[in-house]
Amino acid sequence: MKVILDGVPKGFAKYRQGSIFIEPELIRQIEVNKGAHTSLYGNGGFGGVITVDTKDAKDMLGGDARLGAFVKYSRHSNNAEDDVTVAAYGRTEDGRFDVMAFSTQRKSDDLRKPDGKPFRFSAIDAPSNLLKLNLRLTPEQLLTLTAMKSGSTGWGPCAAMGEDVSTPTEAEIRRYGLDEAWQRKAVCRDQDDDTYSVKWQYAPQDNPWVRLTATAGYSHTDQHDQRLPSASLGSYLGSLGNKSWASYVDRIAELRNESVFATGAVSHLLMTGVQWHKNVRDTLMYYPSLTALKDPGYHYGYFQPYYMPSGRQETRGLYLQDAMTYGDVTLTAALRHDRVLSEGVPNVASRYNSALPAAGHDFSEKTHADWSPRLGLFWKASSALALFGDVSRTWRAPTIDEMYSNEYYVSARLGSSTPGTSRDLAVERVTAARIGVMLHRQGLLQQRDDAQLRVTAYRNRVEDNIGPRLGILVEGYVPGSGMGLPPGLSSYRNLAGLRTEGVEVESYYNSPRLFASASLSSQFGSRRGTHRDPWGKNEPVSTVAPDKLMTGLG
């Protein structure tokens with residue numbers, strides 16, 4: 001799933017170690033494009049793309065107002081949470097310039113469960129700030145400058161899943177006290193996130209062939225985790241040590257154009273674009289075990305997590321999409337090409353960066369490139385009924401983790417059975433299809449109401465899916481048998497493939513005084529072989545979403 005904030009990708013990829021938080025007060029619009037059915041964004045969006053647009057002054061000012069301010073205070077009694085939002089905004093009399101400054105502070109203690117006990121590590125301290133400026137250079141040109149900064153600080157489990165830490169023993173509570181006994185199991189996490197973007201739009205009134213949008217953006221996310229000095233010093237090699245640092249930097253540039261024209265009875269909306277995106281990740285952890293502190297092979301305790309290496313990925317993409325409408329039928333054909341260059345950073349710890357060929361430690365560049373075709377059909381059968389369908393074939397390059405994670409190798413007698421990096425991975429491919437129907441009625445129960453029903457069925461077939469090498473390391477291998485393995489065996493491999501399919505039913509009702517909604521989703525899937533044995537018996541896909549029924553009334 002890709003997340004795009006004001007045109008800038010948010011490349012945070014630390015899995016369950018935290019995520020990006022976007023203050024809801026700052027959001028003007030969220031668009032969710034489910035599945036691999038968009039050509040506007042490339043490599044990695046199998047699950048879909050979420051695009052988030054932030055507010056500007058015109059969203060806050062009504063009528064002819066030129067200046068405004070907004071103040072909001074919320075209080076939550078359960079966790080003593082205070083939320084304070086302050087904004088100021090204005091525009092010039094001629095409407096050529098507008099600006100908005102927005103600031104929010106959320107702070108709370110831990111939540112309380114129904115039995116009165118605390119839901120540990122649920123406290124919040126998260127400030128967010130936004131500054132946005134629009135300059136209408138001419139009636140045909142708009143320049144938008146956006147700066148957004150957010151952060152968070154607090155205690156939590158290394159994997160950000162509620163109280164997912166072991167309960168301290170009575171002896172630990174007596175020795176350290178209740179609060180410190182719990183905090184010894186957790187990390188103090190400090191995160192800062194900055195996003196800057198510049199967007200220039202040019203739309204000449206007398207030329208429907210030109211609707212240009214140029215975007216440049218920069219995003220930087222830093223996260224620092226630290227455990228208490230009293231925490232165990234040799235127990236967290238696989239969970240980022242006693243201290244860790246992770247930095248993600250994304251830079252993007254995009255030029256997009258929309259052209260509107262007709263060929264006979266067929267009208268066209270032609271979209272073309274080129275994109276450049278560079279993601280750089282730096283990681284480091286401190287592992288102060290007695291062995292590591294004395295061992296140069298561990299770089300005396302400071303080294304990159306071998307399962308979360310540093311590296312960079314640079315993507316260059318171009319796309320062409322034509323939406324052709326004849327009467328009530330629209331056929332959309334799209335073709336995209338992506339070229340992805342990846343490079344790892346050798347670990348400073350020599351046991352994870354050995355020059356021995358048997359180790360298979362190779363952090364050099366690797367390039368993947370291919371095309372992604374898509375075809376979509378939309379038929380407005382009547383004023384109340386529409387049918388749609390899409391077929392897409394796309395791919396994703398292996399991530400930095402998948403290509404350059406590796407395990408230790410010191411010698412033939414002291415080394416992992418899968419020590420190597422995974423530069424030889426093939427790209428993961430998906431063939432995605434969906435069909436659906438939409439019903440829309442106005443004046444259903446009263447004069448000014450409307451109702452909508454949407455039903456979608458979909459299927460995804462994934463080939464060469466990528467996963468860690470577990471269990472049966474090579475075909476015919478029997479764990480514990482002493483069977484010889486190839487030297488430098490990689491940590492990740494391409495698996496035998498899987499399929500997922502499901503159905504979604506969504507319904508909405510709106511009237512002047514009442515709104516209601518109901519949705520149902522169900523998904524299931526099958527994996528060829530298993531994650532631990534690609535040559536074994538097929539098994540269900542364990543990561544499918546659970547069945548979900550949601551209703552709303554207001």
# chains A, B, ... in the order shown; residues from 1 in each chain; ligands from 1
>>> select_by_dssp(residues="range 113-341 of chain A", states="helix (DSSP H, G or I)", output="MDAnalysis selection string")
chainID A and resid 170:176 178:183 237:239 290:294 296:301
>>> residues_around(residues="range 458-460 of chain A", least_positions_apart="2", cutoff="10 Å", atoms="only C-alpha atoms", output="list in words")
Gly35, Ala36, Phe46, Gly47, Gly389, Asp390, Val391, Ser392, Arg393, Val430, Thr431, Ala432, Ala433, Arg434, Ile435, Gly436, Thr456, Val462, Glu463, Leu498, Arg499, Thr500, Glu501, Gly502, Val503, Glu504, Gln523, Phe524 and Gly525 of chain A
>>> closest_residue(among="A:Gly264, A:Gly48, A:Gly554, A:Gly156", to="Phe119 in chain A", atoms="only C-alpha atoms")
A:Gly156
>>> atom_distance(atom1="CA of Asp328 in chain A", atom2="CA of Ala381 in chain A")
7.0 Å
>>> closest_residue(among="A:Gly241, A:Pro357, A:Pro24, A:Pro118", to="Leu284 in chain A", atoms="only C-alpha atoms")
A:Gly241
>>> residues_around(residues="range 70-83 of chain A", least_positions_apart="2", cutoff="7 Å", atoms="only C-alpha atoms", output="ChimeraX atom specification")
/A:68,85-88,105-112
>>> closest_residue(among="A:Thr394, A:Asn406, A:Ser247, A:Thr399", to="Tyr306 in chain A", atoms="only C-alpha atoms")
A:Asn406
>>> residues_around(residues="Pro309 in chain A", least_positions_apart="5", cutoff="9 Å", atoms="only C-alpha atoms", output="PyMOL selection string")
chain A and resi 281-284+304+344-347+400-401+404-406
>>> residues_around(residues="Leu133 in chain A", least_positions_apart="3", cutoff="8 Å", atoms="only C-alpha atoms", output="PyMOL selection string")
chain A and resi 56+97-100+144-146
>>> write_last_selection(atoms="N, CA and C atoms", output="PDB file, in the first residue's frame")
ATOM      1  N   ASP A  56      -6.297  24.152   2.758  1.00  0.00           N
ATOM      2  CA  ASP A  56      -5.707  25.473   2.591  1.00  0.00           C
ATOM      3  C   ASP A  56      -6.749  26.520   2.967  1.00  0.00           C
ATOM      4  N   PHE A  97      -3.589  35.642  -3.654  1.00  0.00           N
ATOM      5  CA  PHE A  97      -2.746  35.026  -2.640  1.00  0.00           C
ATOM      6  C   PHE A  97      -3.608  34.591  -1.451  1.00  0.00           C
ATOM      7  N   ASP A  98      -3.308  33.411  -0.941  1.00  0.00           N
ATOM      8  CA  ASP A  98      -3.924  32.997   0.324  1.00  0.00           C
ATOM      9  C   ASP A  98      -2.923  32.159   1.109  1.00  0.00           C
ATOM     10  N   VAL A  99      -3.061  32.196   2.420  1.00  0.00           N
ATOM     11  CA  VAL A  99      -2.112  31.507   3.287  1.00  0.00           C
ATOM     12  C   VAL A  99      -2.849  30.977   4.504  1.00  0.00           C
ATOM     13  N   MET A 100      -2.369  29.868   5.036  1.00  0.00           N
ATOM     14  CA  MET A 100      -2.943  29.304   6.245  1.00  0.00           C
ATOM     15  C   MET A 100      -1.839  28.713   7.109  1.00  0.00           C
ATOM     16  N   THR A 144       1.620  26.401  -5.428  1.00  0.00           N
ATOM     17  CA  THR A 144       1.261  26.018  -4.058  1.00  0.00           C
ATOM     18  C   THR A 144       2.507  25.548  -3.322  1.00  0.00           C
ATOM     19  N   LEU A 145       2.761  26.136  -2.163  1.00  0.00           N
ATOM     20  CA  LEU A 145       3.887  25.764  -1.304  1.00  0.00           C
ATOM     21  C   LEU A 145       3.330  25.215  -0.001  1.00  0.00           C
ATOM     22  N   THR A 146       3.800  24.028   0.399  1.00  0.00           N
ATOM     23  CA  THR A 146       3.287  23.368   1.608  1.00  0.00           C
ATOM     24  C   THR A 146       4.447  22.913   2.478  1.00  0.00           C
TER      25      THR A 146
END
>>> residues_around(residues="range 199-214 of chain A", least_positions_apart="6", cutoff="8 Å", atoms="only C-alpha atoms", output="list in words")
Glu140, Gln141, Leu142, Leu143, Thr144, Leu145, Ala253, Glu254, Leu255, Arg256, Asn257, Glu258, Ser259, Val260 and Phe261 of chain A
>>> residues_around(residues="Ala126 in chain A", least_positions_apart="4", cutoff="9 Å", atoms="only C-alpha atoms", output="PyMOL selection string")
chain A and resi 21+23+104-107+150-153
>>> atom_distance(atom1="CA of Met285 in chain A", atom2="CA of Thr421 in chain A")
19.4 Å
>>> decode(residues="range 456-498 of chain A", atoms="N, CA and C atoms", output="short mmCIF file (atom, residue, chain, number, x, y, z; two decimals), in the first residue's frame")
data_model
loop_
_atom_site.label_atom_id
_atom_site.label_comp_id
_atom_site.auth_asym_id
_atom_site.auth_seq_id
_atom_site.Cartn_x
_atom_site.Cartn_y
_atom_site.Cartn_z
N THR A 456 -18.62 -5.06 -5.41
CA THR A 456 -17.38 -5.30 -6.14
C THR A 456 -16.87 -6.70 -5.82
N ALA A 457 -16.50 -7.44 -6.86
CA ALA A 457 -15.83 -8.74 -6.70
C ALA A 457 -14.45 -8.62 -7.35
N TYR A 458 -13.45 -9.23 -6.72
CA TYR A 458 -12.08 -9.07 -7.23
C TYR A 458 -11.28 -10.35 -7.04
N ARG A 459 -10.20 -10.42 -7.82
CA ARG A 459 -9.28 -11.56 -7.70
C ARG A 459 -7.87 -11.08 -8.04
N ASN A 460 -6.90 -11.50 -7.25
CA ASN A 460 -5.49 -11.18 -7.48
C ASN A 460 -4.69 -12.47 -7.55
N ARG A 461 -3.91 -12.61 -8.59
CA ARG A 461 -3.00 -13.77 -8.70
C ARG A 461 -1.57 -13.26 -8.67
N VAL A 462 -0.83 -13.67 -7.64
CA VAL A 462 0.53 -13.20 -7.42
C VAL A 462 1.51 -14.30 -7.78
N GLU A 463 2.53 -13.95 -8.54
CA GLU A 463 3.58 -14.90 -8.93
C GLU A 463 4.92 -14.43 -8.37
N ASP A 464 5.77 -15.40 -8.06
CA ASP A 464 7.11 -15.11 -7.54
C ASP A 464 7.05 -14.22 -6.30
N ASN A 465 6.04 -14.42 -5.45
CA ASN A 465 5.97 -13.62 -4.23
C ASN A 465 7.21 -13.83 -3.38
N ILE A 466 7.62 -12.80 -2.69
CA ILE A 466 8.90 -12.79 -1.97
C ILE A 466 8.66 -13.00 -0.48
N GLY A 467 9.47 -13.85 0.12
CA GLY A 467 9.37 -14.10 1.55
C GLY A 467 10.69 -14.59 2.10
N PRO A 468 10.87 -14.56 3.43
CA PRO A 468 12.11 -15.06 4.03
C PRO A 468 12.24 -16.57 3.83
N ARG A 469 13.48 -17.01 3.76
CA ARG A 469 13.76 -18.43 3.56
C ARG A 469 13.62 -19.15 4.91
N LEU A 470 12.58 -19.96 5.03
CA LEU A 470 12.27 -20.65 6.28
C LEU A 470 12.12 -22.15 6.01
N GLY A 471 12.28 -22.95 7.05
CA GLY A 471 11.95 -24.38 6.98
C GLY A 471 12.76 -25.14 5.96
N ILE A 472 12.12 -25.50 4.84
CA ILE A 472 12.77 -26.27 3.77
C ILE A 472 13.61 -25.28 2.95
N LEU A 473 14.90 -25.23 3.21
CA LEU A 473 15.74 -24.17 2.65
C LEU A 473 15.94 -24.32 1.15
N VAL A 474 16.06 -25.56 0.66
CA VAL A 474 16.12 -25.84 -0.77
C VAL A 474 15.29 -27.09 -1.02
N GLU A 475 14.93 -27.33 -2.26
CA GLU A 475 14.08 -28.48 -2.59
C GLU A 475 14.76 -29.78 -2.16
N GLY A 476 14.01 -30.58 -1.41
CA GLY A 476 14.53 -31.85 -0.93
C GLY A 476 15.26 -31.77 0.40
N TYR A 477 15.43 -30.59 0.93
CA TYR A 477 16.15 -30.41 2.18
C TYR A 477 15.33 -30.93 3.36
N VAL A 478 15.97 -31.62 4.26
CA VAL A 478 15.32 -32.12 5.48
C VAL A 478 15.99 -31.45 6.67
N PRO A 479 15.27 -30.60 7.39
CA PRO A 479 15.87 -29.90 8.53
C PRO A 479 16.49 -30.88 9.53
N GLY A 480 17.70 -30.56 9.99
CA GLY A 480 18.37 -31.38 10.98
C GLY A 480 19.06 -32.61 10.42
N SER A 481 19.02 -32.78 9.09
CA SER A 481 19.60 -34.00 8.50
C SER A 481 21.09 -33.87 8.24
N GLY A 482 21.63 -32.66 8.37
CA GLY A 482 23.03 -32.47 8.04
C GLY A 482 23.28 -32.38 6.55
N MET A 483 22.24 -32.30 5.76
CA MET A 483 22.37 -32.19 4.31
C MET A 483 23.14 -30.93 3.94
N GLY A 484 24.07 -31.05 3.02
CA GLY A 484 24.86 -29.92 2.59
C GLY A 484 24.02 -28.89 1.86
N LEU A 485 24.28 -27.64 2.13
CA LEU A 485 23.56 -26.54 1.50
C LEU A 485 24.51 -25.73 0.65
N PRO A 486 24.00 -25.08 -0.39
CA PRO A 486 24.86 -24.22 -1.20
C PRO A 486 25.48 -23.12 -0.35
N PRO A 487 26.72 -22.73 -0.62
CA PRO A 487 27.31 -21.64 0.15
C PRO A 487 26.61 -20.32 -0.15
N GLY A 488 26.60 -19.43 0.83
CA GLY A 488 26.03 -18.11 0.63
C GLY A 488 24.55 -18.12 0.33
N LEU A 489 23.80 -19.10 0.85
CA LEU A 489 22.37 -19.20 0.58
C LEU A 489 21.66 -17.92 1.05
N SER A 490 20.76 -17.40 0.22
CA SER A 490 20.15 -16.09 0.50
C SER A 490 19.15 -16.16 1.64
N SER A 491 18.91 -14.98 2.26
CA SER A 491 17.96 -14.89 3.36
C SER A 491 16.51 -14.87 2.87
N TYR A 492 16.28 -14.35 1.63
CA TYR A 492 14.94 -14.28 1.05
C TYR A 492 14.91 -15.08 -0.25
N ARG A 493 13.70 -15.50 -0.65
CA ARG A 493 13.55 -16.24 -1.90
C ARG A 493 12.19 -15.93 -2.52
N ASN A 494 12.07 -16.25 -3.81
CA ASN A 494 10.77 -16.18 -4.48
C ASN A 494 10.00 -17.45 -4.17
N LEU A 495 8.76 -17.28 -3.77
CA LEU A 495 7.90 -18.41 -3.43
C LEU A 495 7.04 -18.81 -4.63
N ALA A 496 6.19 -19.79 -4.44
CA ALA A 496 5.50 -20.43 -5.57
C ALA A 496 4.26 -19.67 -6.03
N GLY A 497 3.85 -18.63 -5.31
CA GLY A 497 2.70 -17.86 -5.74
C GLY A 497 1.48 -18.06 -4.86
N LEU A 498 0.50 -17.18 -5.04
CA LEU A 498 -0.73 -17.26 -4.26
C LEU A 498 -1.83 -16.53 -5.01
#
